[in-house]
>>> print(open('query_0.tsv').read())   # TSV, C-alpha atoms
chain	number	residue	atom	x	y	z
A	12	MET	CA	167.52	101.41	172.76
A	13	SER	CA	167.69	97.89	171.35
A	14	VAL	CA	164.78	95.48	171.08
A	15	GLY	CA	166.29	93.33	173.86
A	16	GLU	CA	166.64	96.36	176.18
A	17	ARG	CA	163.05	97.44	175.48
A	18	THR	CA	161.86	93.89	176.20
A	19	ARG	CA	163.74	93.69	179.50
A	20	SER	CA	162.57	97.10	180.67
A	21	ALA	CA	158.96	96.18	179.92
A	22	VAL	CA	159.07	93.01	182.03
A	23	PRO	CA	158.73	93.37	185.82
A	24	VAL	CA	161.17	91.45	188.00
A	25	LEU	CA	159.54	88.28	189.31
A	26	SER	CA	160.77	85.51	191.55
A	27	PRO	CA	162.23	82.67	189.46
A	28	ILE	CA	160.42	80.26	191.77
A	29	LEU	CA	157.10	81.93	190.92
A	30	VAL	CA	157.85	81.77	187.19
A	31	VAL	CA	158.76	78.08	187.36
A	32	ALA	CA	155.76	77.28	189.59
A	33	GLY	CA	153.42	78.97	187.13
A	34	LEU	CA	154.94	77.10	184.20
A	35	LEU	CA	154.69	73.73	185.97
A	36	LEU	CA	151.11	74.25	187.11
A	37	VAL	CA	150.08	75.21	183.60
A	38	ALA	CA	151.77	72.02	182.41
A	39	GLY	CA	149.72	70.02	184.89
A	40	ASN	CA	146.63	70.93	182.86
A	41	LEU	CA	147.91	69.61	179.54
A	42	ARG	CA	146.76	66.00	179.88
A	43	ALA	CA	144.63	65.53	183.01
A	44	GLY	CA	141.44	66.48	181.22
A	45	LEU	CA	142.26	64.02	178.42
A	46	THR	CA	143.55	60.92	180.21
A	47	THR	CA	140.58	60.83	182.57
A	48	VAL	CA	138.33	59.79	179.65
A	49	GLY	CA	139.87	56.45	178.68
A	50	PRO	CA	139.24	54.55	181.94
A	51	VAL	CA	135.55	55.57	182.00
A	52	LEU	CA	134.97	55.46	178.24
A	53	ASP	CA	133.03	52.20	178.48
A	54	GLN	CA	130.74	53.81	181.07
A	55	ILE	CA	130.23	56.84	178.82
A	56	ARG	CA	129.42	54.57	175.87
A	57	ALA	CA	126.96	52.52	177.91
A	58	ASP	CA	125.27	55.60	179.36
A	59	LEU	CA	124.99	57.54	176.10
A	60	GLY	CA	124.81	54.68	173.60
A	61	LEU	CA	127.92	55.69	171.67
A	62	THR	CA	129.41	53.40	169.02
A	63	SER	CA	133.13	52.62	168.94
A	64	VAL	CA	133.65	55.18	166.19
A	65	GLU	CA	131.67	57.84	168.10
A	66	ALA	CA	133.66	57.11	171.26
A	67	SER	CA	136.88	57.39	169.26
A	68	ALA	CA	135.67	60.69	167.80
A	69	LEU	CA	135.01	61.99	171.31
A	70	VAL	CA	138.61	61.26	172.29
A	71	SER	CA	139.94	62.59	168.99
A	72	LEU	CA	137.95	65.83	169.07
A	73	PRO	CA	140.56	67.64	171.23
A	74	LEU	CA	143.24	66.50	168.79
A	75	LEU	CA	141.29	67.98	165.91
A	76	ALA	CA	141.01	71.19	167.91
A	77	PHE	CA	144.80	71.07	168.38
A	78	ALA	CA	145.21	70.80	164.62
A	79	VAL	CA	142.85	73.68	163.84
A	80	VAL	CA	143.85	76.07	166.63
A	81	SER	CA	147.62	75.53	166.89
A	82	PRO	CA	148.53	77.65	163.83
A	83	PHE	CA	146.71	80.62	165.38
A	84	ALA	CA	148.18	80.32	168.88
A	85	PRO	CA	151.38	82.23	167.99
A	86	ARG	CA	149.20	85.00	166.55
A	87	LEU	CA	147.35	85.13	169.89
A	88	ALA	CA	150.68	85.29	171.71
A	89	ARG	CA	151.73	88.17	169.51
A	90	ALA	CA	148.55	90.08	170.33
A	91	LEU	CA	148.32	89.38	174.07
A	92	GLY	CA	151.76	88.23	175.16
A	93	LEU	CA	152.74	84.75	176.28
A	94	GLU	CA	151.44	84.93	179.86
A	95	ARG	CA	148.10	86.55	179.01
A	96	SER	CA	147.51	83.96	176.31
A	97	LEU	CA	148.14	81.20	178.84
A	98	ALA	CA	145.72	82.82	181.29
A	99	LEU	CA	142.98	83.09	178.68
A	100	ALA	CA	143.49	79.45	177.74
A	101	LEU	CA	143.19	78.38	181.38
A	102	VAL	CA	139.87	80.20	181.71
A	103	VAL	CA	138.54	78.48	178.58
A	104	LEU	CA	139.86	75.14	179.83
A	105	ALA	CA	138.06	75.45	183.18
A	106	ALA	CA	134.83	76.37	181.38
A	107	GLY	CA	135.16	73.43	179.02
A	108	LEU	CA	135.79	70.94	181.83
A	109	VAL	CA	132.70	72.10	183.70
A	110	LEU	CA	130.58	72.13	180.55
A	111	ARG	CA	131.70	68.61	179.62
A	112	SER	CA	130.43	67.24	182.93
A	113	LEU	CA	126.87	68.58	182.50
A	114	PRO	CA	124.04	66.11	181.71
A	115	ALA	CA	123.27	67.17	178.14
A	116	LEU	CA	124.95	65.18	175.34
A	117	ALA	CA	125.58	68.42	173.46
A	118	ALA	CA	127.43	69.77	176.51
A	119	LEU	CA	129.76	66.75	176.43
A	120	TRP	CA	130.76	67.48	172.85
A	121	ALA	CA	130.90	71.28	173.24
A	122	GLY	CA	132.92	71.06	176.45
A	123	THR	CA	135.34	68.59	174.86
A	124	ALA	CA	135.84	70.98	171.93
A	125	LEU	CA	136.59	73.89	174.29
A	126	ILE	CA	139.07	71.72	176.17
A	127	GLY	CA	140.84	71.00	172.89
A	128	VAL	CA	141.00	74.69	171.96
A	129	ALA	CA	142.43	75.65	175.35
A	130	ILE	CA	145.02	72.90	175.51
A	131	ALA	CA	146.09	73.68	171.93
A	132	VAL	CA	147.06	77.19	173.01
A	133	LEU	CA	148.83	75.91	176.13
A	134	ASN	CA	150.70	73.28	174.11
A	135	VAL	CA	152.02	75.79	171.58
A	136	ILE	CA	152.97	78.59	173.93
A	137	LEU	CA	154.74	76.65	176.69
A	138	PRO	CA	157.73	75.62	174.50
A	139	ALA	CA	158.11	79.25	173.39
A	140	LEU	CA	158.06	80.32	177.05
A	141	VAL	CA	160.81	77.80	177.82
A	142	LYS	CA	162.85	78.99	174.83
A	143	ARG	CA	162.50	82.62	175.99
A	144	ASP	CA	163.06	82.23	179.74
A	145	PHE	CA	165.35	79.16	179.86
A	146	PRO	CA	167.30	79.15	176.56
A	147	THR	CA	170.24	77.20	178.01
A	148	ARG	CA	168.06	74.63	179.82
A	149	ILE	CA	165.54	73.67	177.18
A	150	GLY	CA	165.82	69.91	177.69
A	151	GLN	CA	165.74	70.14	181.50
A	152	MET	CA	162.79	72.52	181.69
A	153	THR	CA	160.86	70.67	179.01
A	154	GLY	CA	161.50	67.49	180.96
A	155	ALA	CA	160.38	69.11	184.20
A	156	TYR	CA	157.06	70.30	182.85
A	157	SER	CA	156.57	67.01	181.02
A	158	VAL	CA	157.06	65.20	184.32
A	159	VAL	CA	154.41	67.38	185.95
A	160	GLN	CA	151.96	66.82	183.10
A	161	SER	CA	152.65	63.07	183.33
A	162	VAL	CA	152.04	63.11	187.09
A	163	PHE	CA	148.64	64.70	186.68
A	164	ALA	CA	147.89	62.53	183.64
A	165	ALA	CA	148.63	59.42	185.67
A	166	LEU	CA	146.63	60.69	188.63
A	167	ALA	CA	143.67	61.57	186.42
A	168	ALA	CA	143.69	58.13	184.79
A	169	GLY	CA	144.21	56.27	188.04
A	170	VAL	CA	141.43	57.92	190.05
A	171	ALA	CA	138.84	58.20	187.26
A	172	VAL	CA	137.09	54.88	187.94
A	173	PRO	CA	137.14	55.14	191.77
A	174	VAL	CA	135.90	58.75	191.68
A	175	ALA	CA	133.16	57.80	189.21
A	176	GLY	CA	131.90	55.31	191.78
A	177	LEU	CA	131.69	57.81	194.61
A	178	SER	CA	128.32	59.27	193.67
A	179	ALA	CA	125.30	58.95	191.43
A	180	VAL	CA	126.91	61.52	189.12
A	181	GLY	CA	129.17	58.71	187.94
A	182	TRP	CA	131.67	59.41	185.17
A	183	ARG	CA	130.71	63.09	185.04
A	184	LEU	CA	132.51	63.83	188.31
A	185	PRO	CA	136.05	62.79	187.20
A	186	LEU	CA	135.49	64.53	183.85
A	187	GLY	CA	134.67	67.87	185.47
A	188	MET	CA	136.73	68.01	188.65
A	189	TRP	CA	139.97	69.03	186.94
A	190	ALA	CA	138.58	72.55	186.41
A	191	VAL	CA	139.90	73.22	189.92
A	192	LEU	CA	143.48	72.60	188.75
A	193	ALA	CA	143.05	75.09	185.89
A	194	LEU	CA	141.88	77.76	188.34
A	195	VAL	CA	144.79	77.08	190.70
A	196	ALA	CA	147.24	77.47	187.82
A	197	LEU	CA	145.53	80.71	186.82
A	198	ALA	CA	145.90	82.06	190.35
A	199	VAL	CA	149.64	81.30	190.44
A	200	LEU	CA	150.12	82.75	186.95
A	201	ALA	CA	148.23	85.95	187.80
A	202	PRO	CA	151.26	87.96	189.10
A	203	GLN	CA	152.97	87.38	185.74
A	204	LEU	CA	150.19	88.87	183.63
A	205	ARG	CA	151.90	92.27	183.54
A	206	ARG	CA	154.63	90.65	181.46
A	207	ARG	CA	154.21	90.95	177.73
A	208	THR	CA	156.62	89.85	175.04
A	209	VAL	CA	157.59	92.75	172.80
A	210	VAL	CA	157.14	91.70	169.19
A	211	PRO	CA	160.50	92.16	167.45
A	212	GLU	CA	160.61	95.01	164.97
A	213	SER	CA	164.12	94.45	163.70
A	214	GLN	CA	164.68	93.00	160.23
A	215	ASP	CA	166.82	90.43	162.03
A	216	ASP	CA	163.94	88.95	164.04
A	217	VAL	CA	161.01	86.69	163.15
A	218	THR	CA	157.50	87.60	164.18
A	219	LEU	CA	155.14	85.37	166.15
A	220	ASP	CA	152.76	85.04	163.21
A	221	THR	CA	152.48	81.34	162.32
A	222	GLY	CA	153.21	80.49	158.75
A	223	ALA	CA	153.91	84.14	157.95
A	224	VAL	CA	157.00	85.09	156.07
A	225	ALA	CA	159.85	85.32	158.56
A	226	ALA	CA	162.51	87.97	158.44
A	227	GLN	CA	165.32	87.29	156.01
A	228	SER	CA	167.67	85.92	158.69
A	229	LEU	CA	165.23	83.31	160.07
A	230	ARG	CA	163.37	80.81	157.92
A	231	SER	CA	159.76	79.87	158.44
A	232	PRO	CA	159.50	76.26	159.64
A	233	TRP	CA	156.74	75.73	157.06
A	234	ARG	CA	159.45	76.14	154.38
A	235	SER	CA	162.05	73.96	156.06
A	236	ALA	CA	162.67	70.23	155.60
A	237	LEU	CA	163.81	70.08	159.21
A	238	GLY	CA	160.56	71.71	160.31
A	239	TRP	CA	158.58	69.00	158.53
A	240	GLN	CA	160.77	66.27	160.04
A	241	VAL	CA	160.09	67.59	163.54
A	242	THR	CA	156.40	67.84	162.65
A	243	ALA	CA	156.31	64.21	161.47
A	244	PHE	CA	158.03	63.06	164.64
A	245	MET	CA	155.55	65.01	166.77
A	246	GLY	CA	152.54	63.60	164.96
A	247	LEU	CA	153.58	59.96	164.77
A	248	GLN	CA	154.67	59.74	168.39
A	249	SER	CA	151.33	61.28	169.38
A	250	VAL	CA	149.45	58.56	167.48
A	251	GLY	CA	150.86	55.90	169.79
A	252	PHE	CA	150.08	57.84	172.96
A	253	TYR	CA	146.48	58.64	172.09
A	254	VAL	CA	145.74	55.14	170.83
A	255	PHE	CA	147.03	53.77	174.12
A	256	ILE	CA	145.10	56.09	176.42
A	257	THR	CA	141.94	55.54	174.36
A	258	TRP	CA	141.92	51.82	173.72
A	259	LEU	CA	144.30	49.99	176.07
A	260	PRO	CA	141.60	49.48	178.73
A	261	SER	CA	139.27	48.01	176.10
A	262	ILE	CA	142.06	45.91	174.58
A	263	GLU	CA	142.93	44.50	178.00
A	264	THR	CA	139.37	43.80	179.11
A	265	ALA	CA	138.81	41.97	175.80
A	266	SER	CA	141.72	39.68	176.73
A	267	GLY	CA	140.15	38.85	180.11
A	268	ILE	CA	141.68	41.51	182.36
A	269	SER	CA	139.29	43.16	184.82
A	270	ARG	CA	138.17	46.75	184.35
A	271	GLU	CA	139.80	47.72	187.66
A	272	ALA	CA	143.13	46.17	186.64
A	273	ALA	CA	142.95	47.83	183.22
A	274	GLY	CA	142.38	51.18	184.92
A	275	LEU	CA	145.38	50.51	187.16
A	276	HIS	CA	147.47	49.71	184.10
A	277	GLN	CA	146.53	53.13	182.72
A	278	LEU	CA	148.07	54.51	185.88
A	279	PHE	CA	151.21	52.51	185.06
A	280	LEU	CA	151.19	53.85	181.50
A	281	ASN	CA	151.07	57.45	182.64
A	282	GLY	CA	153.12	56.97	185.80
A	283	PHE	CA	156.05	55.37	184.00
A	284	GLY	CA	155.80	58.22	181.54
A	285	ILE	CA	157.33	60.24	184.35
A	286	VAL	CA	160.35	57.93	184.36
A	287	GLY	CA	160.70	58.33	180.62
A	288	SER	CA	160.38	62.10	180.83
A	289	ILE	CA	163.02	62.40	183.56
A	290	ALA	CA	165.42	60.06	181.77
A	291	CYS	CA	165.05	61.84	178.44
A	292	SER	CA	165.46	65.33	179.91
A	293	PHE	CA	168.60	64.08	181.71
A	294	LEU	CA	170.07	62.55	178.56
A	295	ILE	CA	169.27	65.26	175.99
A	296	PRO	CA	172.09	67.65	176.98
A	297	ARG	CA	174.53	64.76	177.38
A	298	PHE	CA	174.50	63.70	173.75
A	299	ARG	CA	175.83	65.58	170.76
A	300	ASP	CA	172.48	65.02	169.07
A	301	GLN	CA	169.23	63.18	169.82
A	302	ARG	CA	169.22	60.42	167.20
A	303	LEU	CA	169.81	57.58	169.65
A	304	LEU	CA	166.93	58.72	171.84
A	305	ALA	CA	164.69	59.11	168.78
A	306	VAL	CA	165.32	55.44	167.88
A	307	LEU	CA	165.13	53.97	171.37
A	308	ALA	CA	161.70	55.32	172.34
A	309	PRO	CA	159.76	53.98	169.31
A	310	SER	CA	161.60	50.66	169.63
A	311	LEU	CA	160.26	50.28	173.16
A	312	ILE	CA	156.73	50.95	171.89
A	313	VAL	CA	157.15	48.08	169.42
A	314	VAL	CA	158.21	45.83	172.30
A	315	ALA	CA	155.15	46.91	174.29
A	316	VAL	CA	152.74	46.33	171.40
A	317	LEU	CA	154.10	42.86	170.70
A	318	GLY	CA	153.96	42.09	174.40
A	319	VAL	CA	150.28	43.04	174.62
A	320	LEU	CA	149.62	40.77	171.62
A	321	LEU	CA	151.66	37.77	172.69
A	322	ALA	CA	151.47	37.88	176.49
A	323	PRO	CA	148.42	39.92	177.54
A	324	ALA	CA	148.57	38.54	181.09
A	325	LEU	CA	151.66	40.73	181.55
A	326	SER	CA	149.91	43.87	180.29
A	327	GLY	CA	150.99	45.80	183.36
A	328	VAL	CA	154.61	45.28	182.32
A	329	TRP	CA	153.96	46.23	178.70
A	330	ASP	CA	151.99	49.32	179.72
A	331	SER	CA	154.89	50.38	181.92
A	332	ILE	CA	157.36	49.99	179.03
A	333	ALA	CA	155.04	51.94	176.76
A	334	GLY	CA	154.81	54.64	179.43
A	335	VAL	CA	158.60	55.04	179.59
A	336	ALA	CA	158.76	55.26	175.79
A	337	GLY	CA	155.85	57.69	175.58
A	338	GLY	CA	157.29	59.97	178.26
A	339	ALA	CA	160.64	60.07	176.48
A	340	SER	CA	159.03	60.66	173.08
A	341	ILE	CA	156.95	63.65	174.10
A	342	VAL	CA	159.87	65.32	175.89
A	343	LEU	CA	162.01	64.80	172.82
A	344	ALA	CA	159.32	66.14	170.47
A	345	LEU	CA	158.70	69.24	172.61
A	346	SER	CA	162.43	69.85	173.08
A	347	PHE	CA	162.91	69.85	169.31
A	348	PHE	CA	160.87	73.08	169.13
A	349	GLY	CA	163.59	74.90	171.04
A	350	LEU	CA	166.61	72.83	170.00
A	351	ARG	CA	165.94	73.18	166.28
A	352	THR	CA	165.25	76.95	166.32
A	353	THR	CA	167.26	80.09	167.08
A	354	HIS	CA	164.61	82.40	168.57
A	355	HIS	CA	161.62	81.93	170.86
A	356	ALA	CA	159.32	83.39	168.21
A	357	GLN	CA	160.57	80.84	165.71
A	358	ALA	CA	160.10	78.17	168.38
A	359	ALA	CA	156.47	79.27	168.71
A	360	ALA	CA	156.03	79.06	164.94
A	361	LEU	CA	157.54	75.56	164.82
A	362	SER	CA	155.45	74.52	167.82
A	363	GLY	CA	152.29	75.78	166.12
A	364	MET	CA	153.15	74.03	162.88
A	365	ALA	CA	154.17	70.71	164.43
A	366	GLN	CA	151.19	70.56	166.75
A	367	SER	CA	148.75	71.56	164.01
A	368	VAL	CA	149.83	69.05	161.40
A	369	GLY	CA	151.03	66.53	163.96
A	370	TYR	CA	147.82	66.36	165.93
A	371	LEU	CA	145.79	66.21	162.73
A	372	VAL	CA	147.68	62.98	162.06
A	373	ALA	CA	147.32	61.89	165.69
A	374	ALA	CA	143.56	62.52	165.68
A	375	ALA	CA	143.12	59.87	163.01
A	376	GLY	CA	144.84	57.26	165.17
A	377	PRO	CA	142.15	56.36	167.74
A	378	ILE	CA	139.39	56.67	165.12
A	379	ALA	CA	141.22	54.38	162.68
A	380	VAL	CA	141.96	51.86	165.43
A	381	GLY	CA	138.31	51.83	166.53
A	382	ALA	CA	137.09	51.45	162.95
A	383	LEU	CA	139.62	48.70	162.19
A	384	HIS	CA	138.58	46.84	165.32
A	385	ASP	CA	134.91	47.12	164.38
A	386	ALA	CA	135.67	45.86	160.88
A	387	THR	CA	137.80	42.90	161.94
A	388	GLY	CA	136.38	42.08	165.37
A	389	SER	CA	139.93	41.80	166.69
A	390	TRP	CA	142.53	44.05	168.30
A	391	THR	CA	145.41	42.29	166.53
A	392	PRO	CA	145.33	44.19	163.19
A	393	PRO	CA	145.19	47.64	164.86
A	394	LEU	CA	148.11	46.78	167.14
A	395	LEU	CA	150.20	45.50	164.24
A	396	VAL	CA	149.52	48.74	162.34
A	397	LEU	CA	150.59	50.70	165.42
A	398	ALA	CA	153.86	48.75	165.54
A	399	GLY	CA	154.45	49.59	161.88
A	400	ILE	CA	153.91	53.29	162.57
A	401	GLN	CA	156.70	53.15	165.13
A	402	LEU	CA	159.12	51.93	162.47
A	403	VAL	CA	158.25	54.96	160.34
A	404	LEU	CA	158.69	57.13	163.44
A	405	ILE	CA	162.25	55.83	163.82
A	406	CYS	CA	163.08	57.08	160.32
A	407	PHE	CA	161.84	60.60	161.06
A	408	GLY	CA	163.53	60.51	164.47
A	409	LEU	CA	166.89	59.90	162.81
A	410	LEU	CA	166.31	63.01	160.67
A	411	ALA	CA	164.86	65.32	163.34
A	412	GLY	CA	167.43	64.17	165.89
A	413	ARG	CA	170.40	65.61	164.02
A	414	ALA	CA	172.12	68.58	165.64
A	415	ARG	CA	170.82	71.23	163.26
A	416	VAL	CA	168.64	74.35	163.42
A	417	ILE	CA	166.18	75.72	160.91
A	418	GLY	CA	168.12	78.99	160.74
>>> encode(input="query_0.tsv", output="structure tokens")
Amino acid sequence: MSVGERTRSAVPVLSPILVVAGLLLVAGNLRAGLTTVGPVLDQIRADLGLTSVEASALVSLPLLAFAVVSPFAPRLARALGLERSLALALVVLAAGLVLRSLPALAALWAGTALIGVAIAVLNVILPALVKRDFPTRIGQMTGAYSVVQSVFAALAAGVAVPVAGLSAVGWRLPLGMWAVLALVALAVLAPQLRRRTVVPESQDDVTLDTGAVAAQSLRSPWRSALGWQVTAFMGLQSVGFYVFITWLPSIETASGISREAAGLHQLFLNGFGIVGSIACSFLIPRFRDQRLLAVLAPSLIVVAVLGVLLAPALSGVWDSIAGVAGGASIVLALSFFGLRTTHHAQAAALSGMAQSVGYLVAAAGPIAVGALHDATGSWTPPLLVLAGIQLVLICFGLLAGRARVIG
């Protein structure tokens, strides 16, 4: 019996609707717990006396967890299977969200760290799941789950300030309430927990062990120039997104825009990310390669940054443009994990690598922007640096966007 036959016989037949629903609900948890922080960050700082650098570190802590944990997520998937790993991550995520909302300052930091660990596992494993279950629809399925994550990201950002004002609990309520979504996703995923990916034994297959030596026929992404190009694209596009969700409200209020309007603009940023995600997932299979898309998205970010600098009264427009670009960029980056690999295990390895190194780069973004603002007293230098990063991103996009696979 072949490896493929053993794998199929070990997997119970499930409704495709149930499989897709589980995947999409898991995706809904990828950003909601993160984007809810930005709109209430000023309230958190005022309540806890955090400096700009400490506030930046709070937002960047999940990204550091992504960097540390991502290389080990494929190893977890090898030990438990894809679905069981997702379920465990959802449990940890729910616990972290609840812990983060408790009164103690230590709970805020510990809960945020747990959230980062959980989302790191979800981030790495979902692209491998798409590669395994939907190998001919990688762009479409990646776009679909990116749309869902953008919907919940936008909702979380948009309701954070109003929900914080509903009770004396304040900002702790929007930070903790998304644990319910994690539990709902776990409930829908539960029927799939009997599934377990069989680790390939053939000399022709790569294992799920990140960074380990792959079988002779499949290269490790850690030893591939293309793997590093995808990693650079992932990291640099993430810098722009996390700088925006962290500091745009503060940048806008400093230019005279009300806190309520700035919070609404965060809704635009995340909401128009849905448009970008849909458009990118529609266009990916319609081009021979993805170089044009990899140039267009960063170019729009440059337009948005310059707009915020030169015409801040139109920040809602610039945030919307940035949202479209950000939505397209993340779909493209996640799609590269499947498009540039030949096996779902290799896709998991590339996902782990790109999200480890990439988010380590991304974690420095909000901290550097906060520190540069504190040093200069102005938001102009950080925004100009961000625009320059997008030009570098274009270069790596041209390389990662070529129609090639690691092999």
>>> residues_around(input="query_0.tsv", residues="Ser310 of chain A", least_positions_apart="3", cutoff="8 Å", atoms="all atoms listed in the file", output="ChimeraX atom specification")
/A:306-307,313-314,401-402,405
>>> residues_around(input="query_0.tsv", residues="segment 335-349 of chain A", least_positions_apart="5", cutoff="7 Å", atoms="only C-alpha atoms", output="short mmCIF file (atom, residue, chain, number, x, y, z; two decimals) with C-alpha atoms, keeping the file's coordinate frame")
data_model
loop_
_atom_site.label_atom_id
_atom_site.label_comp_id
_atom_site.auth_asym_id
_atom_site.auth_seq_id
_atom_site.Cartn_x
_atom_site.Cartn_y
_atom_site.Cartn_z
CA PRO A 138 157.73 75.62 174.50
CA LYS A 142 162.85 78.99 174.83
CA ILE A 149 165.54 73.67 177.18
CA GLY A 150 165.82 69.91 177.69
CA THR A 153 160.86 70.67 179.01
CA GLY A 154 161.50 67.49 180.96
CA SER A 157 156.57 67.01 181.02
CA VAL A 241 160.09 67.59 163.54
CA PHE A 244 158.03 63.06 164.64
CA MET A 245 155.55 65.01 166.77
CA GLN A 248 154.67 59.74 168.39
CA PHE A 252 150.08 57.84 172.96
CA PHE A 283 156.05 55.37 184.00
CA GLY A 284 155.80 58.22 181.54
CA ILE A 285 157.33 60.24 184.35
CA VAL A 286 160.35 57.93 184.36
CA GLY A 287 160.70 58.33 180.62
CA SER A 288 160.38 62.10 180.83
CA CYS A 291 165.05 61.84 178.44
CA SER A 292 165.46 65.33 179.91
CA ALA A 308 161.70 55.32 172.34
CA PRO A 309 159.76 53.98 169.31
CA LEU A 311 160.26 50.28 173.16
CA ILE A 312 156.73 50.95 171.89
CA ALA A 358 160.10 78.17 168.38
CA LEU A 361 157.54 75.56 164.82
CA SER A 362 155.45 74.52 167.82
#
>>> closest_residue(input="query_0.tsv", among="A:Thr257, A:Ala324, A:Trp120, A:Leu350", to="Thr147 of chain A", atoms="all atoms listed in the file")
A:Leu350
>>> residues_around(input="query_0.tsv", residues="Leu140 of chain A", least_positions_apart="2", cutoff="9 Å", atoms="all atoms listed in the file", output="PyMOL selection string")
chain A and resi 34+93-94+136-138+142-145+355+359
>>> closest_residue(input="query_0.tsv", among="A:Gly60, A:Gly33, A:Gly44, A:Pro296", to="Arg148 of chain A", atoms="only C-alpha atoms")
A:Pro296
>>> residues_around(input="query_0.tsv", residues="Arg42 of chain A", least_positions_apart="4", cutoff="9 Å", atoms="all atoms listed in the file", output="list of chain:residue names")
A:Ala38, A:Thr46, A:Thr47, A:Ile130, A:Gln160, A:Ser161, A:Phe163, A:Ala164, A:Ala165, A:Ala167
>>> axis_aligned_box(input="query_0.tsv", around="segment 320-325 of chain A", padding_each_side="5 Å", output="JSON")
{"center_x": 150.0, "center_y": 39.3, "center_z": 176.6, "size_x": 13.2, "size_y": 13.0, "size_z": 19.9}
>>> residues_around(input="query_0.tsv", residues="Ala315 of chain A", least_positions_apart="4", cutoff="9 Å", atoms="only C-alpha atoms", output="list in words")
Ser310, Leu311, Val319, Leu320, Ser326, Val328, Trp329, Asp330, Ser331, Ile332 and Ala333 of chain A
>>> closest_residue(input="query_0.tsv", among="A:Ile378, A:Val416, A:Leu409, A:Ala360", to="Glu65 of chain A", atoms="only C-alpha atoms")
A:Ile378
>>> atom_distance(input="query_0.tsv", atom1="atom CA of Leu275 of chain A", atom2="atom CA of Val254 of chain A")
17.0 Å
>>> atom_distance(input="query_0.tsv", atom1="atom CA of His276 of chain A", atom2="atom CA of Ile289 of chain A")
20.1 Å
>>> atom_distance(input="query_0.tsv", atom1="atom CA of Leu133 of chain A", atom2="atom CA of Gly412 of chain A")
24.3 Å
>>> residues_near_point(input="query_0.tsv", point="(145.4, 61.9, 171.4)", cutoff="7 Å", atoms="all atoms listed in the file", output="list in words")
Val70, Ser71, Leu74, Ser249, Val250, Phe252, Tyr253, Val254, Ala373 and Ala374 of chain A
>>> closest_residue(input="query_0.tsv", among="A:Leu192, A:Ala124, A:Ala201, A:Ala398", to="Ala98 of chain A", atoms="all atoms listed in the file")
A:Ala201
>>> residues_near_point(input="query_0.tsv", point="(143.0, 74.9, 176.5)", cutoff="9 Å", atoms="all atoms listed in the file", output="list in words")
Asn40, Leu41, Leu97, Leu99, Ala100, Leu101, Val102, Val103, Leu104, Ala105, Gly107, Leu125, Ile126, Gly127, Val128, Ala129, Ile130, Ala131, Val132, Leu133 and Asn134 of chain A
